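A.B. asks: What follows is a structure written as structure tokens; I'll ask about it next.
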Amino acid sequence: MSWWLPLQGSTFAPQIDGLFIAILIITGLAFVIVEAGLIWFVIKYRGRPGRKGHYTHGSAKAEVIWTAIPAVTVVALGLVSNHYWKEIKGRDSIPADAYPIGIHAKQFEWQVTYPGPDGQLGTADDFTVRNQLHVPVGRNIVVVLTSEDVVHSFWVPVLRVKQDAVPGMTIRAWFQATVPGEYELGCAELCGMGHYRMRARVFIHTPAEFTAWMQQQIQGGATS
């Protein structure tokens, strides 16, 4: 695990982290250059005995340069980030073979519904567990988000997935986990007095472990 970013636990985590680092470097360099220039001007043009101030219109060339460079940089970042947005959150980005899991948010818990043996969400053999998201590694997953009361935000840092759940709307988000383990799912939207305890666990299994867990839940008749 990185000392400053969470483990990269999904297929698109490297792209998101790369874009984040690129923006951080660009804005960091801009900060250093601007602050260094400010200090230089403060020292160079400070008041001195016998020194008179004079009016200057400035430099049109310098203004064009310091306007054009940020404009080109922002446009370039926008084009790159739009590519990632379409790949991750675009309307047609969800793979056709994605395994569906229903996630219903309410104050203050996550109700996670899995399809039964038929593999279809919304049928009689579905089962629901509270505050536990179980997924297999290496398989496309689509979470179908709904909210009962207020705006919640489905956030799994290790997967680089963050998507609001809005009352009255059904919103889908997809991912493919790459690293087995146990991680945290939190609500990233201030949703009420109990917001701090709206947490769940994410279990990323190997395919065999996930199949065994599903069989255990189905045989046990899990409903809550």
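Identifiers for the structure tokens are assigned positionally: chains receive A, B, ... in sequence, residues are indexed from 1 per chain, and ligands are indexed from 1 in the order shown.
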Residues at most 8 Å from A:Ser10, counting only C-alpha atoms, excluding those fewer than 4 positions away in the same chain, as a list in words?

C.D. replies: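 Counting only C-alpha atoms, the residues come to Val158, Leu159, Arg160, Phe175, Gln176, Ala177, Thr178 and Val179 of chain A.
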
A.B. asks: Mind the document's chain letters and residue numbers, and return as a list in words the residues of stretch 80-124 of chain A that DSSP labels strand (DSSP E or B).

C.D. replies: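 Answer for stretch 80-124 of chain A, restricted to strand (DSSP E or B): Tyr99, Pro100, Ile101, Gly102, Ile103, His104, Ala105, Lys106, Glu109, Trp110, Gln111, Val112, Thr113 and Tyr114 of chain A.
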
A.B. asks: Wanna dump the stretch 72-109 of chain A-stretch 142-146 of chain A contacts at 6 Å for me, each residue with its shortest atom pair and the distance in Å to one decimal, counting only C-alpha atoms, ordered by chain and number, as JSON lines?

C.D. replies:
```
{"residue": "A:Ala98", "atom": "CA", "partner": "A:Val142", "partner_atom": "CA", "distance": 5.6}
{"residue": "A:Tyr99", "atom": "CA", "partner": "A:Val142", "partner_atom": "CA", "distance": 5.9}
{"residue": "A:Pro100", "atom": "CA", "partner": "A:Val142", "partner_atom": "CA", "distance": 4.9}
{"residue": "A:Ile101", "atom": "CA", "partner": "A:Val143", "partner_atom": "CA", "distance": 4.9}
{"residue": "A:Gly102", "atom": "CA", "partner": "A:Val144", "partner_atom": "CA", "distance": 4.7}
{"residue": "A:Ile103", "atom": "CA", "partner": "A:Leu145", "partner_atom": "CA", "distance": 5.0}
{"residue": "A:His104", "atom": "CA", "partner": "A:Thr146", "partner_atom": "CA", "distance": 4.9}
```

A.B. asks: May I ask which of the residues A:Ser59, A:Leu19, A:Pro6, A:Trp174 is the closest one to A:Ile88, counting only C-alpha atoms?

C.D. replies: A:Trp174

A.B. asks: Find the spatial neighbours of A:Arg130, counting only C-alpha atoms, within a cut-off of 12 Å - ignore same-chain residues fewer than 3 positions away - and output them as a PyMOL selection string.

C.D. replies: chain A and resi 102-106+108-114+127+133-134+198-202+222-224

A.B. asks: Quick one: write out the picked residues with C-alpha atoms as a compact mmCIF listing (two decimals), in the first residue's frame?

C.D. replies:
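Heads up, here's the output in out_10.txt:
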```txt
# COMPACT_ATOMS: atom_id res chain seq x y z
CA GLY A 102 -28.39 -4.04 -5.68
CA ILE A 103 -27.33 -1.55 -3.02
CA HIS A 104 -30.03 0.31 -1.14
CA ALA A 105 -28.85 3.14 1.10
CA LYS A 106 -30.79 4.38 4.11
CA PHE A 108 -27.71 4.66 8.40
CA GLU A 109 -26.87 1.39 6.68
CA TRP A 110 -26.30 -0.33 3.34
CA GLN A 111 -28.68 -3.09 2.27
CA VAL A 112 -26.93 -5.26 -0.31
CA THR A 113 -29.07 -7.53 -2.50
CA TYR A 114 -27.55 -10.37 -4.51
CA PHE A 127 -31.26 -12.41 -0.97
CA LEU A 133 -20.51 -6.29 -0.07
CA HIS A 134 -19.04 -9.53 -1.42
CA MET A 198 -22.73 4.42 7.96
CA ARG A 199 -19.95 1.99 7.16
CA ALA A 200 -19.79 -1.46 5.64
CA ARG A 201 -17.17 -4.05 4.76
CA VAL A 202 -16.16 -5.03 1.24
CA ALA A 222 -30.12 -15.38 3.95
CA THR A 223 -32.62 -12.54 3.93
CA SER A 224 -31.03 -9.92 6.17
```

A.B. asks: In Å, rounded to a single decimal, give me how far atom CA of A:Gly186 is from atom CA of A:Ala165.

C.D. replies: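 So the two atoms, atom CA of A:Ala165 and atom CA of A:Gly186, lie 12.4 Å apart.
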
A.B. asks: Restricting the calculation to only C-alpha atoms, which member of A:Gly28, A:Gly181, A:Gly47, A:Gly37 is positioned closest to A:Gln8?

C.D. replies: A:Gly181

A.B. asks: Would you compute the distance between atom CA of A:Tyr183 and atom CA of A:Asp97? Give it in Å to one decimal.

C.D. replies: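 Value for the atom CA of A:Tyr183-atom CA of A:Asp97 distance: 24.4 Å.
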
A.B. asks: Could you pull out the alpha helix (DSSP H) residues of chain A from DSSP and send them as a count of residues only?

C.D. replies: 76

A.B. asks: For the interface of stretch 69-166 of chain A with stretch 207-221 of chain A (cut-off 12 Å, counting only C-alpha atoms), please tabulate each contacting residue of stretch 69-166 of chain A alongside its nearest pair of atoms and their separation in Å to one decimal, rows sorted by chain and increasing number, as CSV.

C.D. replies:
```
residue,atom,partner,partner_atom,distance
A:Thr113,CA,A:Gln217,CA,11.6
A:Tyr114,CA,A:Met214,CA,8.9
A:Pro115,CA,A:Met214,CA,9.6
A:Gly116,CA,A:Ile218,CA,7.1
A:Pro117,CA,A:Ile218,CA,8.1
A:Asp118,CA,A:Ile218,CA,11.6
A:Gly119,CA,A:Met214,CA,11.2
A:Asp125,CA,A:Ile218,CA,8.5
A:Asp126,CA,A:Ile218,CA,8.9
A:Phe127,CA,A:Gly221,CA,7.6
A:Thr128,CA,A:Gln217,CA,9.5
A:Val129,CA,A:Gln217,CA,9.4
A:Leu133,CA,A:Phe210,CA,11.1
A:His134,CA,A:Phe210,CA,7.4
A:Val135,CA,A:Phe210,CA,6.7
A:Pro136,CA,A:Pro207,CA,5.2
A:Val137,CA,A:Pro207,CA,6.4
A:Gly138,CA,A:Pro207,CA,8.0
A:Arg139,CA,A:Pro207,CA,8.5
```

A.B. asks: Keeping only C-alpha atoms, write those residues as a short mmCIF file (atom, residue, chain, number, x, y, z; two decimals), in the first residue's frame.

C.D. replies:
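See again.cif below for the written result:
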```cif
data_model
loop_
_atom_site.label_atom_id
_atom_site.label_comp_id
_atom_site.auth_asym_id
_atom_site.auth_seq_id
_atom_site.Cartn_x
_atom_site.Cartn_y
_atom_site.Cartn_z
CA THR A 113 -29.07 -7.53 -2.50
CA TYR A 114 -27.55 -10.37 -4.51
CA PRO A 115 -29.18 -12.32 -7.34
CA GLY A 116 -29.89 -15.94 -6.56
CA PRO A 117 -29.13 -18.97 -8.72
CA ASP A 118 -30.81 -17.42 -11.77
CA GLY A 119 -28.22 -14.62 -11.81
CA ASP A 125 -34.51 -15.93 -5.38
CA ASP A 126 -32.64 -12.71 -4.49
CA PHE A 127 -31.26 -12.41 -0.97
CA THR A 128 -30.16 -9.39 1.07
CA VAL A 129 -27.43 -8.84 3.66
CA LEU A 133 -20.51 -6.29 -0.07
CA HIS A 134 -19.04 -9.53 -1.42
CA VAL A 135 -17.57 -9.61 -4.93
CA PRO A 136 -15.26 -11.94 -6.85
CA VAL A 137 -11.91 -10.75 -8.13
CA GLY A 138 -11.51 -10.42 -11.89
CA ARG A 139 -15.22 -10.14 -12.72
#
```

A.B. asks: I need the residue nearest A:Trp85 from this list: A:Ala68, A:Val151, A:Ala30, A:Ile16. Use only C-alpha atoms for the distance.

C.D. replies: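 Smallest distance to A:Trp85 is found for A:Ile16.
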